[in-house]
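Q: Sharing a structure below in C-alpha cells format, with a few things to ask.
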Amino acid sequence: MTETTFRSSGDAAGAPVILSNESGSFAWGVLAKRHPALIQQVRDAFPYGRRQHEALDALLDEITHGVIEPLAPGEHDRESWADWGQEHFGRSWYDAPFLWAESYFYRRLLGAVGYFGSGPWQGVDPFAPFKRAELRGEAVEEELRALDALASVPADERAAALLHASLWGNRADLGFRVSAGEPAAGDAAASALVADDSALLWQLLPVGGSSTVAVVADNAGRELIPDLILIDHLLEQRHAEQVVLHLKPYPYYVSDAMTADVVDCLRRLTEAPGEAGAIGGRLWKAMAAGSLEVRTHPFFCAPLPYEEMPEDLRGEFESATLTLLKGDLNYRRLVGDRLWDATAPFADLTAYFPGAVAALRTLKSDVIVGLEQEALDAIERSGAAWRTSGTHALIQVRR
C-alpha cells in the first residue's frame with residue numbers, strides 16, 4: 001500500500017489555530033474523554049487478540065499521559081506522517097492542532113488493531129458494528145416510511161425537504177417531514193439554521209442544466225441514507241446529469257463513509273418497500289450507468305485543510321458545477337480549523353476553492369464563519385452551546 005504525500009504550507013495569517021490544551025473546551029473534551037472512550041468501545045466490539053489489546057493499552061497510555069510518538073518503521077505512510085507531524089512529535093497531544101491530533105489519533109487506532117497490517121485483522125473496519133447497528137434501527141425504518149408521503153408533494157417542496165434531511169443527518173426525520181404535513185417541524189428546522197443559502201444552491205443547479213455535482217460525504221449509516229436520497233433527487237429531477245460521491249479510503253472519525261458503507265446503505269434502501277425501495281433501485285442502476293460514481297482519494301484522510309489539496313483533486317472539483325461538502329469535519333477543513341470571528345465572510349475564506357462550493361453542516365465544533373452580526377447577537381443571547389451541541393446547522397454557498 002502506498003501513500004501520496006501532501007505537504008502543509010504552514011499556518012496562514014489570521015485567526016489562531018484551535019488547540020486542545022484549554023481544559024473544559026470542546027477540543028479538550030474530545031481528546032480527554034471521547035478518544036479514551038472510543039478505544040474501549042472498539043476493544044469491546046471485536047474479539048481482538050493479545051497483540052491488539054496491548055497496542056490499544058499503549059495508545060491509551062500515550063494519549064492520556066505521554067507524548068505524541070511517530071509511526072513505527074515500516075508503516076506504509078510513515079514518511080507522510082513524519083512530514084505532517086514533524087513539529088508535534090515529542091509534545092503533548094493537547095498542544096498539537098486539534099485537527100491534526102484528531103486525524104492522527106484515528107490513524108494510530110487503526111494501526112493498533114492491525115487494519116494496515118498483514119495479519120487476519122487487515123482491512124477489518126473497527127467501526128463497522130456501530131455503523132451497521134444504525135442501519136438496523138427503528139429510526140431508519142420510520143424515516144424510510146416517511147418517503148412515501150413525500151413522493152406526492154411538488155418537486156420544489158420535496159427538494160427542500162430532502163436538502164434539510166441531508167443537512168441534519170441523524171435528525172433526518174425532521175427534514176423528511178417538512179413537506180409531509182408537519183409545518184411545526186419545518187418551522188423548527190428553519191429557526192435552527194444560522195445561515196441559509198439554499199436558494200443560491202438551487203440556482204446553481206437548474207433543471208436540465210447538464211450539471212456535474214461532486215458530493216464529499218461525511219458520516220455513514222443513518223446519515224448517509226438521506227445523502228443518497230438527495231443524490232437520487234438531483235439525478236431524477238435533472239438538477240444533475242452526473243453525481244460523483246467522494247468517500248474516505250479507510251475508516252476515519254468513527255463513522256465516516258467508505259465504499260462498503262455506501263453499499264450497505266444501498267442494500268438497505270433496495271430491500272425497503274415503497275418509495276425507499278424505488279429510490280434504492282434507481283441509485284443501483286445509476287451506479288451501473290455511470291451517472292452516479294464513487295471515488296476516493298488519500299487526501300480525505302490527511303490532517304490538512306482543503307486549501308492544501310493536491311492538484312489532481314483540485315482538478316476534479318474544478319470540473320464540477322458545484323462541490324457539496326457534507327458535515328462538520330469537511331467544514332473545518334474548508335474554512336480552516338481556527339478561531340475565526342463568526343462574521344468573517346465565508347466567500348473570502350473559500351475563495352481558493354476551485355469552483356462553486358456549498359457546505360451542509362450541523363454544528364458540532366467551535367469553527368463558524370459567515371454569520372450576520374444580528375443573527376450572531378441573537379443566538380449568543382440565548383446562552384445555548386450552539387456551536388457544538390448539534391442543535392443548529394447551516395447551508396453556505398459560494399458561487
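In the C-alpha cells, chains take letters A, B, ... by order of appearance, with residues numbered from 1 within each chain and ligands from 1 in the order shown.
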Using DSSP on the backbone coordinates, identify all residues within range 121-356 of chain A classified as strand (DSSP E or B); present the result as a VMD selection string.
A: chain A and resid 193 to 196 212 to 216 219 242 to 247 256 292 to 296 322 to 326 338
Q: Determine, for each residue of range 215-242 of chain A having at least one atom at most 12 Å from an atom of range 297-303 of chain A, the closest pair of atoms and their separation in Å to one decimal, counting only C-alpha atoms; order by chain and ascending number, as a Markdown table.
A:
| residue | atom | partner | partner_atom | distance |
| --- | --- | --- | --- | --- |
| A:Val216 | CA | A:Phe300 | CA | 9.2 |
| A:Ala217 | CA | A:Phe300 | CA | 10.1 |
| A:Asp218 | CA | A:Phe300 | CA | 10.4 |
Q: Which residue out of A:Glu311, A:Glu293, A:Glu143, A:Glu134 has the minimum interatomic distance to Leu247 in chain A when only C-alpha atoms are used?
A: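 The answer is A:Glu293, which sits nearest to Leu247 in chain A.
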Q: Could you work out how far CA of Ala220 in chain A lies from CA of Pro129 in chain A, giving the answer in Å with one decimal?
A: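 Between CA of Pro129 in chain A and CA of Ala220 in chain A the gap works out to 11.6 Å.
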Q: Can you tell me which residues surround Asp312 in chain A at a distance of at most 12 Å, considering only C-alpha atoms, apart from same-chain residues fewer than 2 positions away, and format the answer as a PyMOL selection string?
A: chain A and resi 4+6+296-299+308-310+314-319+354
Q: Name the residues in contact with range 391-394 of chain A at a cut-off of 12 Å, using only C-alpha atoms, excluding same-chain residues fewer than 3 positions from it; report them as a ChimeraX atom specification.
A: /A:163-171,188-198,325-328,331,346,358-365,368-371,379,384-388,397
Q: Go ahead and save the residues from that selection, with C-alpha atoms, as a compact mmCIF listing (two decimals), in the first residue's frame.
A:
# COMPACT_ATOMS: atom_id res chain seq x y z
CA LEU A 163 -31.90 19.04 1.37
CA HIS A 164 -32.80 19.53 5.03
CA ALA A 165 -32.78 15.79 5.61
CA SER A 166 -29.24 15.59 4.24
CA LEU A 167 -28.24 18.63 6.28
CA TRP A 168 -29.47 17.30 9.60
CA GLY A 169 -28.13 13.78 9.18
CA ASN A 170 -29.11 11.80 12.25
CA ARG A 171 -32.08 14.12 12.76
CA ALA A 188 -38.17 24.30 13.86
CA ALA A 189 -35.72 23.40 11.12
CA ALA A 190 -35.72 26.93 9.74
CA SER A 191 -35.21 28.58 13.12
CA ALA A 192 -32.25 26.32 13.86
CA LEU A 193 -30.39 27.44 10.71
CA VAL A 194 -27.75 30.06 11.47
CA ALA A 195 -27.18 30.60 7.73
CA ASP A 196 -29.27 29.51 4.77
CA ASP A 197 -28.05 29.88 1.19
CA SER A 198 -30.28 27.09 -0.12
CA LEU A 325 -19.22 19.30 1.29
CA LYS A 326 -21.13 17.43 3.96
CA GLY A 327 -20.63 17.64 7.68
CA ASP A 328 -18.57 19.24 10.39
CA TYR A 331 -16.37 22.41 7.07
CA PHE A 346 -17.50 32.65 4.04
CA ALA A 358 -21.58 24.52 -0.76
CA ALA A 359 -21.30 23.45 2.87
CA LEU A 360 -24.10 21.47 4.54
CA ARG A 361 -23.21 21.19 8.19
CA THR A 362 -24.75 20.50 11.56
CA LEU A 363 -22.67 22.48 14.08
CA LYS A 364 -20.58 20.15 16.26
CA SER A 365 -17.35 22.11 16.76
CA ILE A 368 -18.04 29.09 12.40
CA VAL A 369 -17.86 31.88 9.80
CA GLY A 370 -20.19 33.81 7.53
CA LEU A 371 -22.83 34.85 10.07
CA ILE A 379 -28.08 33.37 19.19
CA ALA A 384 -27.02 27.85 24.42
CA ALA A 385 -23.91 25.87 23.45
CA TRP A 386 -25.00 26.31 19.85
CA ARG A 387 -21.58 25.90 18.26
CA THR A 388 -21.02 22.32 19.46
CA VAL A 397 -22.72 28.58 -0.68
Q: Nearest to Ala128 in chain A: which of A:Ile229, A:Ala276, A:Met258, A:Ala344 is it, counting only C-alpha atoms?
A: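 Going through A:Ile229, A:Ala276, A:Met258, A:Ala344 one by one, the smallest distance to Ala128 in chain A is for A:Met258.
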Q: Between A:Asp232, A:Gln40, A:Tyr250, A:Asp156, which one has atoms that come closest to Gly281 in chain A, using only C-alpha atoms?
A: A:Asp232
Q: Rounded to one decimal in Å, what is the spacing between CA of Gly290 in chain A and CA of Glu223 in chain A?
A: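 Computed distance, CA of Gly290 in chain A to CA of Glu223 in chain A, equals 23.3 Å.
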Q: Enter the distance from CA of Pro226 in chain A to CA of Leu162 in chain A, in Å, rounded to one decimal.
A: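 Pair CA of Pro226 in chain A / CA of Leu162 in chain A returns 7.0 Å.
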